[in-house]
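Next comes entry22.cif, a file with mmCIF, C-alpha atoms.
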data_protein
#
loop_
_atom_site.label_atom_id
_atom_site.label_comp_id
_atom_site.auth_asym_id
_atom_site.auth_seq_id
_atom_site.Cartn_x
_atom_site.Cartn_y
_atom_site.Cartn_z
CA MET A 102 -50.53 -37.07 74.71
CA ILE A 103 -46.79 -36.80 75.33
CA THR A 104 -45.46 -33.36 74.43
CA TYR A 105 -42.32 -31.30 74.92
CA SER A 106 -43.79 -29.74 78.08
CA SER A 107 -45.38 -32.91 79.51
CA PHE A 108 -42.97 -33.27 82.43
CA ASP A 109 -41.41 -30.66 84.66
CA HIS A 110 -38.11 -32.46 85.14
CA SER A 111 -35.08 -30.61 83.71
CA VAL A 112 -33.93 -33.71 81.79
CA TRP A 113 -37.28 -34.23 80.01
CA PRO A 114 -36.78 -31.65 77.21
CA PHE A 115 -33.46 -33.27 76.30
CA LEU A 116 -35.08 -36.71 76.33
CA PHE A 117 -37.91 -35.38 74.17
CA ILE A 118 -35.44 -33.92 71.66
CA LEU A 119 -33.64 -37.27 71.66
CA ILE A 120 -36.68 -39.45 70.94
CA ALA A 121 -38.61 -37.01 68.72
CA GLY A 122 -35.68 -35.48 66.83
CA VAL A 123 -32.35 -37.29 67.13
CA LEU A 124 -33.44 -40.93 66.82
CA PRO A 125 -35.92 -40.44 63.92
CA THR A 126 -33.08 -38.74 62.00
CA ALA A 127 -30.25 -41.10 62.94
CA VAL A 128 -32.10 -44.32 62.05
CA TRP A 129 -31.96 -43.39 58.35
CA ARG A 130 -28.18 -42.96 58.48
CA TRP A 131 -27.77 -46.31 60.25
CA ALA A 132 -30.19 -47.92 57.80
CA GLY A 133 -28.02 -46.55 54.99
CA VAL A 134 -24.93 -48.21 56.47
CA PHE A 135 -26.74 -51.55 56.78
CA LEU A 136 -28.39 -51.40 53.36
CA VAL A 137 -25.22 -50.65 51.36
CA GLY A 138 -24.51 -53.74 49.32
CA ASN A 139 -27.86 -55.28 50.25
CA MET A 140 -30.03 -52.94 48.23
CA ASP A 141 -29.58 -51.96 44.60
CA GLU A 142 -29.18 -48.18 44.47
CA HIS A 143 -30.80 -48.08 41.03
CA SER A 144 -33.84 -50.17 41.96
CA GLN A 145 -37.33 -48.71 41.58
CA ALA A 146 -37.81 -48.85 45.37
CA MET A 147 -34.76 -46.62 45.75
CA VAL A 148 -36.15 -44.14 43.19
CA LEU A 149 -39.39 -43.99 45.19
CA VAL A 150 -37.47 -43.40 48.45
CA ARG A 151 -35.43 -40.62 46.84
CA CYS A 152 -38.56 -39.01 45.33
CA ILE A 153 -40.45 -38.94 48.63
CA ALA A 154 -37.36 -37.76 50.53
CA THR A 155 -36.78 -34.95 48.04
CA ALA A 156 -40.43 -33.88 47.97
CA LEU A 157 -40.52 -33.75 51.78
CA VAL A 158 -37.55 -31.40 51.91
CA ALA A 159 -39.20 -29.41 49.10
CA ALA A 160 -42.30 -29.04 51.29
CA VAL A 161 -40.05 -27.70 54.08
CA ILE A 162 -38.54 -25.25 51.56
CA ALA A 163 -42.04 -24.16 50.48
CA GLN A 164 -42.90 -23.36 54.08
CA PHE A 165 -40.12 -20.75 54.15
CA VAL A 166 -41.64 -19.08 51.11
CA PHE A 167 -45.38 -19.45 51.77
CA ALA A 168 -45.75 -19.68 55.56
CA PRO A 169 -42.55 -18.54 57.29
CA THR A 170 -42.09 -17.57 60.93
CA GLY A 171 -40.12 -14.72 62.47
CA ALA A 172 -38.66 -11.82 60.52
CA LEU A 173 -39.52 -13.36 57.15
CA ALA A 174 -43.24 -13.36 58.05
CA GLN A 175 -43.16 -9.53 57.95
CA VAL A 176 -42.17 -9.66 54.26
CA PRO A 177 -45.17 -9.79 51.88
CA LEU A 178 -45.86 -13.14 50.21
CA TRP A 179 -45.48 -11.81 46.66
CA LEU A 180 -41.95 -10.60 47.45
CA ARG A 181 -40.89 -13.92 49.01
CA ALA A 182 -42.35 -15.89 46.11
CA ALA A 183 -40.82 -13.61 43.46
CA ALA A 184 -37.38 -13.67 45.10
CA ALA A 185 -37.43 -17.48 45.42
CA LEU A 186 -38.69 -18.21 41.91
CA ILE A 187 -36.42 -15.70 40.13
CA ALA A 188 -33.45 -16.93 42.17
CA PHE A 189 -34.14 -20.53 41.18
CA ALA A 190 -34.65 -19.58 37.52
CA ALA A 191 -31.30 -17.74 37.61
CA PHE A 192 -29.71 -20.84 39.12
CA LEU A 193 -30.98 -23.04 36.29
CA ILE A 194 -29.93 -20.55 33.60
CA ALA A 195 -26.48 -19.69 35.02
CA GLY A 196 -24.90 -23.13 35.06
CA ARG A 197 -26.31 -24.36 38.39
CA ARG A 198 -23.74 -22.65 40.56
CA LEU A 199 -24.56 -22.31 44.24
CA LEU A 200 -23.62 -18.64 44.52
CA VAL A 201 -26.07 -17.48 41.81
CA PRO A 202 -29.42 -18.21 43.56
CA ILE A 203 -28.01 -16.96 46.87
CA LEU A 204 -26.96 -13.59 45.43
CA VAL A 205 -30.03 -13.13 43.20
CA GLY A 206 -32.54 -14.23 45.86
CA GLU A 207 -31.03 -12.16 48.64
CA ALA A 208 -30.64 -9.09 46.38
CA ILE A 209 -34.33 -9.18 45.36
CA LEU A 210 -35.51 -9.79 48.93
CA ILE A 211 -33.38 -7.06 50.54
CA ALA A 212 -34.07 -4.57 47.73
CA GLY A 213 -37.80 -5.32 48.03
CA ILE A 214 -37.84 -4.84 51.81
CA LEU A 215 -35.93 -1.56 51.51
CA TYR A 216 -38.26 -0.37 48.73
CA LEU A 217 -41.32 -1.15 50.86
CA GLU A 218 -39.81 0.69 53.80
CA VAL A 219 -39.24 3.81 51.70
CA PHE A 220 -42.52 3.59 49.73
CA PRO A 221 -44.93 1.67 51.96
CA SER A 222 -48.02 0.19 50.32
CA THR A 223 -47.18 1.34 46.80
CA LEU A 224 -47.19 -2.28 45.66
CA LEU A 225 -50.08 -4.38 46.95
CA MET B 54 -20.63 -62.98 56.41
CA PHE B 55 -21.65 -59.45 55.77
CA LYS B 56 -18.22 -58.30 56.83
CA PHE B 57 -16.65 -60.02 53.85
CA ARG B 58 -19.19 -58.77 51.40
CA VAL B 59 -19.19 -55.11 52.37
CA LEU B 60 -15.52 -54.58 51.63
CA GLY B 61 -16.33 -53.84 47.99
CA VAL B 62 -12.86 -54.89 46.88
CA ALA B 63 -13.10 -54.33 43.14
CA LYS B 64 -14.04 -50.66 43.00
CA PRO B 65 -11.81 -49.22 45.73
CA LEU B 66 -8.85 -51.03 44.14
CA GLN B 67 -9.26 -49.19 40.85
CA GLN B 68 -9.62 -45.92 42.68
CA ARG B 69 -6.59 -46.70 44.77
CA GLU B 70 -4.46 -47.13 41.64
CA LYS B 71 -5.71 -43.83 40.32
CA ALA B 72 -5.08 -42.00 43.56
CA GLY B 73 -1.79 -43.83 44.12
CA SER B 74 -0.03 -41.85 41.39
CA SER B 75 -0.68 -38.54 43.12
CA ALA B 76 -0.19 -39.79 46.67
CA PRO B 77 3.34 -40.69 47.81
CA GLU B 78 2.24 -43.61 49.97
CA THR B 79 1.16 -46.70 48.05
CA ASP B 80 -1.26 -49.00 49.72
CA PRO B 81 0.35 -52.44 50.08
CA ALA B 82 -3.10 -54.00 49.87
CA SER B 83 -3.51 -52.69 46.32
CA LEU B 84 -0.61 -54.83 45.13
CA LEU B 85 -2.53 -58.00 45.90
CA PRO B 86 -4.81 -59.52 43.28
CA SER B 87 -8.51 -59.05 43.84
CA THR B 88 -9.86 -62.36 45.05
CA GLY B 89 -13.05 -61.18 46.66
CA ALA B 90 -11.71 -62.25 50.06
CA PRO B 91 -10.94 -59.61 52.69
CA LEU B 92 -7.56 -58.09 52.03
CA PRO B 93 -4.81 -58.47 54.61
CA ARG B 94 -4.00 -55.11 56.08
CA PHE B 95 -0.60 -53.56 56.74
CA GLY B 96 -0.29 -50.48 58.91
CA PRO B 97 -3.11 -48.25 60.09
CA VAL B 98 -6.52 -48.41 58.46
CA TYR B 99 -6.88 -44.66 57.97
CA ASP B 100 -4.53 -41.82 57.12
CA TRP B 101 -5.49 -39.22 59.72
CA ALA B 102 -3.28 -36.58 58.11
CA TRP B 103 -6.40 -35.92 56.01
CA PHE B 104 -8.45 -34.99 59.07
CA PRO B 105 -7.03 -31.43 59.40
CA ARG B 106 -7.09 -31.07 55.60
CA GLY B 107 -10.82 -31.70 55.73
CA ALA B 108 -11.32 -29.42 58.71
CA ARG B 109 -9.51 -26.60 56.89
CA ASN B 110 -12.31 -26.50 54.30
CA LEU B 111 -14.47 -24.85 56.91
CA PHE B 112 -13.41 -21.66 55.15
CA SER B 113 -15.43 -22.37 52.01
CA LEU B 114 -18.63 -21.03 50.48
CA PRO B 115 -20.90 -23.98 51.43
CA SER B 116 -19.74 -23.83 55.07
CA LEU B 117 -20.31 -20.09 55.13
CA ILE B 118 -23.83 -20.53 53.75
CA LEU B 119 -24.53 -23.32 56.24
CA CYS B 120 -23.40 -21.19 59.19
CA SER B 121 -25.51 -18.29 57.90
CA ALA B 122 -28.53 -20.59 57.57
CA PHE B 123 -28.05 -21.54 61.23
CA ILE B 124 -28.03 -17.87 62.19
CA GLY B 125 -31.63 -17.99 60.97
CA PHE B 126 -32.24 -21.16 62.96
CA GLY B 127 -30.80 -19.53 66.10
CA GLY B 128 -33.40 -16.80 65.68
CA ILE B 129 -36.24 -19.32 65.23
CA VAL B 130 -35.42 -21.35 68.38
CA ARG B 131 -35.18 -18.13 70.35
CA GLU B 132 -38.65 -17.07 69.19
CA VAL B 133 -40.06 -20.49 70.12
CA GLY B 134 -38.39 -20.17 73.52
CA ILE B 135 -36.23 -23.29 73.59
CA PRO B 136 -33.46 -22.78 76.21
CA PRO B 137 -29.85 -22.42 74.96
CA TRP B 138 -28.50 -25.73 76.31
CA GLN B 139 -31.19 -27.64 74.47
CA VAL B 140 -30.23 -25.79 71.28
CA ILE B 141 -26.55 -26.63 71.82
CA PHE B 142 -27.64 -30.26 72.29
CA MET B 143 -30.04 -30.55 69.35
CA VAL B 144 -27.94 -28.87 66.67
CA PRO B 145 -25.08 -31.42 66.54
CA ALA B 146 -27.15 -34.39 67.79
CA ILE B 147 -29.76 -34.12 65.03
CA TRP B 148 -27.43 -32.53 62.45
CA ALA B 149 -29.96 -32.14 59.62
CA LEU B 150 -31.59 -28.75 59.14
CA PRO B 151 -34.95 -30.05 57.80
CA SER B 152 -35.27 -32.25 60.92
CA HIS B 153 -34.37 -29.29 63.15
CA LEU B 154 -37.02 -27.15 61.53
CA VAL B 155 -39.75 -29.81 61.72
CA LEU B 156 -38.94 -30.60 65.36
CA VAL B 157 -38.92 -26.95 66.44
CA ALA B 158 -42.16 -26.24 64.54
CA GLY B 159 -43.71 -29.24 66.32
CA ILE B 160 -42.53 -28.05 69.74
CA ALA B 161 -43.83 -24.56 68.99
CA ALA B 162 -47.25 -25.99 68.09
CA GLY B 163 -47.27 -28.07 71.31
CA ALA B 164 -47.67 -31.20 69.19
CA SER B 165 -47.51 -34.74 70.52
CA PHE B 166 -44.42 -36.92 70.24
CA LEU B 167 -46.47 -39.23 68.04
CA THR B 168 -46.98 -36.42 65.51
CA ILE B 169 -43.48 -34.95 65.62
CA ALA B 170 -41.35 -38.10 65.45
CA PRO B 171 -42.84 -39.46 62.18
CA ALA B 172 -42.66 -35.99 60.58
CA VAL B 173 -39.01 -35.61 61.59
CA ALA B 174 -38.30 -39.13 60.35
CA LEU B 175 -39.80 -38.40 56.94
CA ALA B 176 -37.97 -35.06 56.64
CA ALA B 177 -34.72 -36.95 57.36
CA MET B 178 -35.37 -39.75 54.88
CA ARG B 179 -32.75 -38.31 52.52
CA MET B 180 -30.06 -39.37 54.97
CA MET B 181 -30.47 -43.00 53.89
CA PRO B 182 -29.65 -42.70 50.15
CA MET B 183 -26.99 -40.10 51.04
CA THR B 184 -25.27 -42.48 53.44
CA MET B 185 -25.55 -45.29 50.91
CA ALA B 186 -23.76 -43.16 48.32
CA LEU B 187 -21.01 -42.06 50.71
CA VAL B 188 -20.09 -45.43 52.25
CA PRO B 189 -18.54 -47.01 49.13
CA GLU B 190 -16.34 -43.92 48.71
CA ILE B 191 -14.94 -43.78 52.25
CA ARG B 192 -14.77 -47.52 53.00
CA VAL B 193 -11.38 -49.26 52.79
CA ALA B 194 -10.08 -52.72 53.66
CA GLY B 195 -10.12 -52.77 57.46
CA THR B 196 -13.14 -50.50 57.83
CA LYS B 197 -15.44 -51.97 60.47
CA ARG B 198 -19.20 -51.60 60.47
CA TRP B 199 -19.06 -49.60 63.70
CA HIS B 200 -16.69 -47.08 62.09
CA LEU B 201 -19.31 -46.45 59.45
CA LEU B 202 -22.17 -46.33 61.98
CA LEU B 203 -20.25 -43.74 63.99
CA VAL B 204 -19.25 -41.61 61.00
CA SER B 205 -22.72 -41.86 59.43
CA ASN B 206 -24.00 -39.61 62.22
CA LEU B 207 -22.07 -36.78 60.55
CA VAL B 208 -23.85 -37.22 57.20
CA ALA B 209 -25.66 -34.04 56.20
CA ILE B 210 -25.87 -32.27 52.88
CA THR B 211 -22.88 -29.88 53.09
CA ALA B 212 -20.11 -32.27 54.16
CA TRP B 213 -21.62 -35.03 52.04
CA VAL B 214 -21.61 -33.04 48.79
CA HIS B 215 -18.12 -31.73 49.46
CA THR B 216 -16.61 -35.16 50.24
CA LEU B 217 -18.19 -36.83 47.22
CA GLN B 218 -16.81 -34.06 44.98
CA LYS B 219 -13.32 -34.33 46.46
CA ALA B 220 -13.17 -38.13 46.92
CA GLN B 221 -11.24 -38.85 43.72
CA GLU B 222 -8.47 -36.42 44.73
CA ILE B 223 -8.00 -38.10 48.13
CA PRO B 224 -6.30 -41.49 48.62
CA PRO B 225 -8.92 -43.98 49.88
CA ARG B 226 -7.41 -44.22 53.36
CA GLY B 227 -7.70 -40.47 53.78
CA ARG B 228 -11.36 -40.16 52.77
CA LEU B 229 -13.05 -41.14 56.04
CA PRO B 230 -10.70 -38.86 58.06
CA TYR B 231 -11.24 -36.04 55.54
CA PHE B 232 -15.02 -36.34 55.76
CA THR B 233 -14.89 -36.59 59.56
CA GLY B 234 -12.61 -33.54 59.82
CA PHE B 235 -14.76 -31.40 57.54
CA ALA B 236 -18.05 -32.48 59.15
CA LEU B 237 -16.81 -32.04 62.74
CA ALA B 238 -15.37 -28.60 61.96
CA ASN B 239 -18.73 -27.60 60.46
CA MET B 240 -20.57 -29.03 63.45
CA LEU B 241 -18.45 -27.01 65.87
CA ALA B 242 -18.76 -23.80 63.83
CA VAL B 243 -22.51 -24.19 63.28
CA THR B 244 -23.29 -25.04 66.92
CA THR B 245 -21.23 -22.07 68.08
CA THR B 246 -22.97 -19.83 65.54
CA ALA B 247 -26.44 -20.96 66.63
CA ALA B 248 -25.54 -20.50 70.32
CA VAL B 249 -24.00 -17.05 69.82
CA VAL B 250 -26.87 -15.85 67.63
CA TYR B 251 -29.31 -17.12 70.24
CA SER B 252 -27.81 -14.80 72.83
CA VAL B 253 -27.66 -11.75 70.57
CA ALA B 254 -30.61 -12.32 68.17
CA ALA B 255 -32.55 -9.37 69.52
CA VAL B 256 -29.69 -7.11 68.43
CA PHE B 257 -29.94 -8.11 64.75
CA PRO B 258 -32.12 -5.81 62.62
CA PRO B 259 -35.20 -7.63 61.20
CA ILE B 260 -34.08 -7.03 57.61
CA LEU B 261 -30.85 -8.95 58.27
CA MET B 262 -32.71 -11.79 59.99
CA ALA B 263 -35.16 -12.00 57.07
CA GLY B 264 -32.23 -12.25 54.66
CA LEU B 265 -30.59 -14.97 56.74
CA TYR B 266 -33.80 -17.02 57.08
CA PHE B 267 -34.16 -16.83 53.32
CA LEU B 268 -30.77 -18.50 52.79
CA THR B 269 -32.16 -21.86 53.93
CA PRO B 270 -34.70 -22.38 51.10
CA LEU B 271 -32.27 -21.03 48.47
CA TYR B 272 -29.43 -23.25 49.68
CA PHE B 273 -31.49 -26.42 50.00
CA ALA B 274 -33.32 -26.06 46.69
CA SER B 275 -30.14 -25.58 44.66
CA THR B 276 -28.04 -28.21 46.47
CA ILE B 277 -30.75 -30.84 46.23
CA TRP B 278 -31.28 -30.06 42.54
CA ASN B 279 -27.56 -30.49 41.90
CA THR B 280 -27.26 -33.77 43.81
CA ALA B 281 -30.27 -35.51 42.24
CA ARG B 282 -29.40 -38.82 40.62
CA PHE B 283 -32.66 -39.32 38.72
CA LYS B 284 -34.73 -36.82 36.73
CA ALA B 285 -37.72 -37.84 38.84
CA GLU B 286 -36.06 -36.15 41.83
CA HIS B 287 -36.19 -32.80 40.03
CA LEU B 288 -39.90 -33.39 39.49
CA ALA B 289 -40.26 -34.38 43.17
CA LEU B 290 -38.63 -31.10 44.19
CA ALA B 291 -41.13 -29.13 42.12
CA PHE B 292 -44.12 -31.24 43.24
CA GLY B 293 -43.20 -31.06 46.92
CA PHE B 294 -42.81 -27.29 46.63
CA CYS B 295 -46.31 -26.96 45.08
CA PHE B 296 -48.16 -29.65 47.07
CA GLY B 297 -46.88 -28.52 50.48
CA PRO B 298 -48.68 -25.13 50.39
CA LEU B 299 -51.73 -26.66 48.64
CA VAL B 300 -52.15 -29.25 51.41
CA ALA B 301 -51.63 -26.46 53.97
CA LEU B 302 -54.81 -24.80 52.65
CA VAL B 303 -56.84 -27.89 53.58
CA LEU B 304 -54.86 -29.46 56.46
CA PRO B 305 -52.52 -26.83 57.93
CA GLN B 306 -50.74 -29.29 60.24
CA ALA B 307 -50.00 -31.91 57.61
CA ASN B 308 -48.47 -29.81 54.83
CA ILE B 309 -44.94 -31.24 55.05
CA LEU B 310 -45.93 -34.85 55.68
CA LEU B 311 -48.80 -35.12 53.21
CA GLY B 312 -47.44 -32.65 50.66
CA GLY B 313 -44.11 -34.45 50.63
CA LEU B 314 -45.64 -37.90 50.35
CA LEU B 315 -48.01 -36.85 47.54
CA GLY B 316 -45.25 -34.97 45.71
CA GLY B 317 -42.89 -37.90 45.96
CA VAL B 318 -45.43 -40.49 44.87
CA PHE B 319 -46.57 -38.40 41.90
CA ALA B 320 -42.97 -37.84 40.80
CA PHE B 321 -42.38 -41.59 41.05
CA LEU B 322 -45.52 -42.34 39.01
CA ALA B 323 -44.29 -39.92 36.34
CA HIS B 324 -40.95 -41.75 36.41
CA LEU B 325 -42.68 -45.11 35.92
CA THR B 326 -44.79 -43.74 33.05
CA VAL B 327 -41.68 -42.48 31.26
CA LEU B 328 -39.96 -45.84 31.82
CA LYS B 329 -42.92 -47.73 30.38
CA ARG B 330 -43.05 -45.47 27.32
CA GLN B 331 -39.33 -45.95 26.74
CA ARG B 332 -39.76 -49.72 26.90
CA VAL B 333 -42.59 -49.63 24.35
CA THR B 334 -40.74 -47.56 21.74
#

Conversion result in structure tokens:
Amino acid sequence: MITYSSFDHSVWPFLFILIAGVLPTAVWRWAGVFLVGNMDEHSQAMVLVRCIATALVAAVIAQFVFAPTGALAQVPLWLRAAAALIAFAAFLIAGRRLLVPILVGEAILIAGILYLEVFPSTLL
Amino acid sequence: MFKFRVLGVAKPLQQREKAGSSAPETDPASLLPSTGAPLPRFGPVYDWAWFPRGARNLFSLPSLILCSAFIGFGGIVREVGIPPWQVIFMVPAIWALPSHLVLVAGIAAGASFLTIAPAVALAAMRMMPMTMALVPEIRVAGTKRWHLLLVSNLVAITAWVHTLQKAQEIPPRGRLPYFTGFALANMLAVTTTAAVVYSVAAVFPPILMAGLYFLTPLYFASTIWNTARFKAEHLALAFGFCFGPLVALVLPQANILLGGLLGGVFAFLAHLTVLKRQRVT
């Protein structure tokens, strides 16, 4: 099994990042350059590619809400979920502007954390 | 052969006429009739005066959100214990936040290259349709394939959305420089941000770090919703968001890969069902 810490050499981590992170990302961009004009952007295959690509990023997004790391992990799940869902609902209602979900989501999250700090364990 | 086909003569010509009225310089190539053959070129291929104009847009809301999202990322890599030079290398070299997150999560879990690389590849799949949408906008007569291959490495959601929105206001020869300027400025700012945060992350109060981490899901969900071309993509966003955590309950390591694949396939099946129904009625 080849992992990030397989070899002790100082160049290995960079090589690992290159083959496990940089190349798997870059090939899609290069494929895009080669496929322009050769592949119909409205074909069903393209819809499938876009659906899977979108759902994969959505799964990454979900991880931030349901299983985050770091400082966000200290915030209770119900607060993260409520902030995310209300923020997205506000985004859909308020003309799909980028600033709306950012302000609403952050306001609920920060207000919730502060509330829990002042009144610990009053909610859940 | 491909070289002649990729030039996409018809569409850029119309755009050139539109943009020509606002721009003082008229493209001599646009005066020639469209024959489908490669156009003879006069003067430089690109108008690099648009490079600093693109770079100047670093002071915009999306760039600010992107930099803030990378403050969160700087905190994550610090927790995982990846040394600063590797962070400074991976941020611009990968240049796609979902790929960064999947790679770092994989490294943190001590996962094998054979597990991480396919997961990163799938998380970066969006780069292909994004590049395919950008190329016809920035390509002009005289654009070589290697120009596009080089510039494609800068494709990521922020600069991509911004350039597609602005493309009609920019003369065709200025679009590739504009995109490059904006993307490189973002790359520099974001890498610096991640590196600086890395060295001072312990100083940030947890409430601030939590708020900054939370920017990433908010930013990605709304930008991807806005840039969807088919309704099925909206469904895919919702399905991926639900299936990811559901898969995590059964197979904790495979939530992104399997949840994403299932979500995408189900959204596509829904798309096909709707298509079939429309054809019947």

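This file, queried with the PyMOL selection byres ((chain B and resi 182-197) around 6), gives the residues Arg130, Gly133 and Val137 of chain A; Val98, Arg179, Met180, Met181, Arg198, Trp199, His200, Arg228 and Leu229 of chain B.
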
Atom CA of A:Trp131 to atom CA of B:Leu203, distance in Å rounded to a single decimal: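 Between these atoms lies a distance of 8.8 Å.
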
Atomic distance atom CA of B:Ile169 - atom CA of A:Gln164, expressed in Å with one decimal: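 Calculated distance between atom CA of B:Ile169 and atom CA of A:Gln164 is 16.4 Å.
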
Among the residues A:Leu136, A:Ile153, A:Leu180, A:Leu200, the one that comes closest to chain B [using only C-alpha atoms]: A:Ile153

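Across A:Ala212, A:Arg151, A:Ala160, A:Leu186, the tightest approach to B:Glu286 is made by A:Arg151 when counting all atoms listed in the file.
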
Target residues per the PyMOL selection byres ((chain A) within 7 of (chain B)), formatted as an MDAnalysis selection string: chainID A and resid 102:105 115 118 121:123 125:127 129:134 137:138 149 151:163 165 167 171:173 185 199 202:203 207 211

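When all atoms listed in the file are used to measure the gap to A:Ala190, the shortest distance among A:Val205, A:Leu178, A:Ala146, A:Leu116 belongs to A:Val205.
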
Residues returned when the PyMOL selection byres ((chain B and resi 230) around 7) runs on this file, as a ChimeraX atom specification: /B:99-101,103-104,227-229,231-234

Padding of 5 Å on every side, edges along x, y and z, all listed atoms of stretch 248-266 of chain B included: what centre and edge lengths in Å, to one decimal, does that box have, as AutoDock Vina command-line options?
--center_x -29.6 --center_y -13.2 --center_z 63.7 --size_x 21.2 --size_y 24.7 --size_z 28.2

Separation of atom CA of B:Val250 from atom CA of A:Asp109, in Å and rounded to one decimal: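 About the pair atom CA of B:Val250 and atom CA of A:Asp109: they are 26.8 Å apart.
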
Residue nearest B:His215 among B:Gly127, B:Pro305, B:Gly107, B:Pro137 (counting all atoms listed in the file): B:Gly107

Contacts of A:Val176 within 9 Å, all atoms listed in the file, excl. fewer than 5 positions in-chain, as a PyMOL selection string: (chain A and resi 181+210+213-214) or (chain B and resi 263)
